[in-house]
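S.K.: Pasting a structure here, questions to come.
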Amino acid sequence: MKTLKPSVQVTRYALIGVCNTTVHFLIVGLLMWLAEFNQMYANVTAYIVASFFSFLMNARWSFQSRPGARNYARFQLVSLLGLIVNATFGHL
């Protein structure tokens with residue numbers, strides 16, 4: 001696969017971020033409205049789906065690479081570290 005210019009990668013990464021946020025928001029809304037999930041379960045489910053979507057789309061479209069289990073594990077580790085930092089600051 002050919003390598004993209006950094007500006008193209010950043011643009012694609014940002015677009016996937018917007019799409020990912022939309023996917024997460026829609027899943028939460030639909031689960032709470034149609035399936036009567038409580039907010040926490042709806043958000044956990046939406047996180048799982050949206051983070052997998054984000055990983056696959058960024059791997060293939062932004063970075064032109066093959067997604068793999070090891071990279072997905074690293075992606076989730078970084079995401080969870082971000083969650084911990086965010087929750088810590090929110091608690092403080």
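Ligands are numbered from 1 in the order shown, residues from 1 within each chain, and chains are lettered A, B, ... in the order they appear in the structure tokens.
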Applying 10 Å and only C-alpha atoms, which residues near Phe63 in chain A remain after dropping the ones on its own chain fewer than 5 positions away? List them as a list in words.

M.R.: Met1, Lys2, Thr3, Leu4, Lys5, Pro6, Val8, Gln9, Val10, Arg12, Tyr13, Met57 and Asn58 of chain A

S.K.: For CA of Ile84 in chain A and CA of Gln39 in chain A, determine how far apart the two atoms are, in Å to one decimal place.

M.R.: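 Separation of CA of Ile84 in chain A and CA of Gln39 in chain A: 19.0 Å.
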
S.K.: Can you list, as JSON, numbers by chain, every protein, DNA or RNA residue that comes within 12 Å of range 24-35 of chain A when you count only C-alpha atoms, leaving out same-chain residues fewer than 6 positions away?

M.R.: {"A": [16, 17, 18, 41, 42, 43, 44, 45, 46, 47, 48, 49, 50, 51, 52, 53, 54]}

S.K.: When DSSP works through the backbone of this structure, what residues of chain A end up as alpha helix (DSSP H), shown as a PyMOL selection string?

M.R.: chain A and resi 6-33+39-57+69-91

S.K.: Those residues with C-alpha atoms, as a PDB file, in the first residue's frame please?

M.R.:
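See selection.pdb below for the written result:
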ATOM      1  CA  PRO A   6       0.674  13.407   6.837  1.00  0.00           C
ATOM      2  CA  SER A   7      -1.891  16.135   6.105  1.00  0.00           C
ATOM      3  CA  VAL A   8      -4.159  13.574   4.412  1.00  0.00           C
ATOM      4  CA  GLN A   9      -3.751  11.175   7.339  1.00  0.00           C
ATOM      5  CA  VAL A  10      -4.640  13.885   9.872  1.00  0.00           C
ATOM      6  CA  THR A  11      -7.703  14.906   7.860  1.00  0.00           C
ATOM      7  CA  ARG A  12      -8.895  11.325   7.558  1.00  0.00           C
ATOM      8  CA  TYR A  13      -8.206  10.689  11.243  1.00  0.00           C
ATOM      9  CA  ALA A  14     -10.302  13.750  12.176  1.00  0.00           C
ATOM     10  CA  LEU A  15     -13.169  12.702   9.888  1.00  0.00           C
ATOM     11  CA  ILE A  16     -13.213   9.244  11.425  1.00  0.00           C
ATOM     12  CA  GLY A  17     -13.286  10.892  14.867  1.00  0.00           C
ATOM     13  CA  VAL A  18     -16.414  12.811  13.883  1.00  0.00           C
ATOM     14  CA  CYS A  19     -18.005   9.662  12.433  1.00  0.00           C
ATOM     15  CA  ASN A  20     -17.025   7.681  15.525  1.00  0.00           C
ATOM     16  CA  THR A  21     -18.618  10.239  17.838  1.00  0.00           C
ATOM     17  CA  THR A  22     -21.774  10.098  15.727  1.00  0.00           C
ATOM     18  CA  VAL A  23     -21.832   6.283  15.825  1.00  0.00           C
ATOM     19  CA  HIS A  24     -21.413   6.336  19.610  1.00  0.00           C
ATOM     20  CA  PHE A  25     -24.122   8.967  20.076  1.00  0.00           C
ATOM     21  CA  LEU A  26     -26.609   7.124  17.836  1.00  0.00           C
ATOM     22  CA  ILE A  27     -26.038   3.792  19.540  1.00  0.00           C
ATOM     23  CA  VAL A  28     -26.527   5.303  22.994  1.00  0.00           C
ATOM     24  CA  GLY A  29     -29.695   7.066  21.892  1.00  0.00           C
ATOM     25  CA  LEU A  30     -31.169   4.039  20.168  1.00  0.00           C
ATOM     26  CA  LEU A  31     -30.359   1.676  23.015  1.00  0.00           C
ATOM     27  CA  MET A  32     -31.828   3.999  25.620  1.00  0.00           C
ATOM     28  CA  TRP A  33     -34.899   4.849  23.540  1.00  0.00           C
ATOM     29  CA  GLN A  39     -27.282   5.139  30.479  1.00  0.00           C
ATOM     30  CA  MET A  40     -24.252   3.167  31.681  1.00  0.00           C
ATOM     31  CA  TYR A  41     -25.040  -0.019  29.709  1.00  0.00           C
ATOM     32  CA  ALA A  42     -25.878   1.979  26.604  1.00  0.00           C
ATOM     33  CA  ASN A  43     -22.570   3.861  26.827  1.00  0.00           C
ATOM     34  CA  VAL A  44     -20.511   0.717  27.440  1.00  0.00           C
ATOM     35  CA  THR A  45     -22.119  -0.999  24.447  1.00  0.00           C
ATOM     36  CA  ALA A  46     -21.665   2.092  22.292  1.00  0.00           C
ATOM     37  CA  TYR A  47     -18.013   2.368  23.363  1.00  0.00           C
ATOM     38  CA  ILE A  48     -17.314  -1.217  22.330  1.00  0.00           C
ATOM     39  CA  VAL A  49     -18.899  -0.772  18.899  1.00  0.00           C
ATOM     40  CA  ALA A  50     -17.529   2.720  18.263  1.00  0.00           C
ATOM     41  CA  SER A  51     -13.983   1.913  19.352  1.00  0.00           C
ATOM     42  CA  PHE A  52     -13.907  -1.144  17.069  1.00  0.00           C
ATOM     43  CA  PHE A  53     -15.262   1.011  14.219  1.00  0.00           C
ATOM     44  CA  SER A  54     -12.626   3.670  14.918  1.00  0.00           C
ATOM     45  CA  PHE A  55      -9.795   1.143  15.016  1.00  0.00           C
ATOM     46  CA  LEU A  56     -10.788  -0.555  11.760  1.00  0.00           C
ATOM     47  CA  MET A  57     -11.425   2.660   9.850  1.00  0.00           C
ATOM     48  CA  ALA A  69      -5.158  -8.265  17.215  1.00  0.00           C
ATOM     49  CA  ARG A  70      -1.936  -6.885  18.685  1.00  0.00           C
ATOM     50  CA  ASN A  71      -2.544  -3.398  17.317  1.00  0.00           C
ATOM     51  CA  TYR A  72      -6.152  -3.540  18.514  1.00  0.00           C
ATOM     52  CA  ALA A  73      -4.958  -4.431  22.019  1.00  0.00           C
ATOM     53  CA  ARG A  74      -2.555  -1.453  21.986  1.00  0.00           C
ATOM     54  CA  PHE A  75      -5.329   0.808  20.676  1.00  0.00           C
ATOM     55  CA  GLN A  76      -7.620  -0.267  23.526  1.00  0.00           C
ATOM     56  CA  LEU A  77      -4.849   0.184  26.092  1.00  0.00           C
ATOM     57  CA  VAL A  78      -4.278   3.779  24.988  1.00  0.00           C
ATOM     58  CA  SER A  79      -8.042   4.399  24.954  1.00  0.00           C
ATOM     59  CA  LEU A  80      -8.450   3.022  28.463  1.00  0.00           C
ATOM     60  CA  LEU A  81      -5.513   5.077  29.739  1.00  0.00           C
ATOM     61  CA  GLY A  82      -7.234   8.138  28.296  1.00  0.00           C
ATOM     62  CA  LEU A  83     -10.424   7.145  30.087  1.00  0.00           C
ATOM     63  CA  ILE A  84      -8.570   6.815  33.394  1.00  0.00           C
ATOM     64  CA  VAL A  85      -6.912  10.221  32.999  1.00  0.00           C
ATOM     65  CA  ASN A  86     -10.237  11.805  32.030  1.00  0.00           C
ATOM     66  CA  ALA A  87     -12.091  10.180  34.947  1.00  0.00           C
ATOM     67  CA  THR A  88      -9.355  11.219  37.362  1.00  0.00           C
ATOM     68  CA  PHE A  89      -9.531  14.871  36.310  1.00  0.00           C
ATOM     69  CA  GLY A  90     -13.316  14.712  36.377  1.00  0.00           C
ATOM     70  CA  HIS A  91     -13.242  13.381  39.907  1.00  0.00           C
TER      71      HIS A  91
END
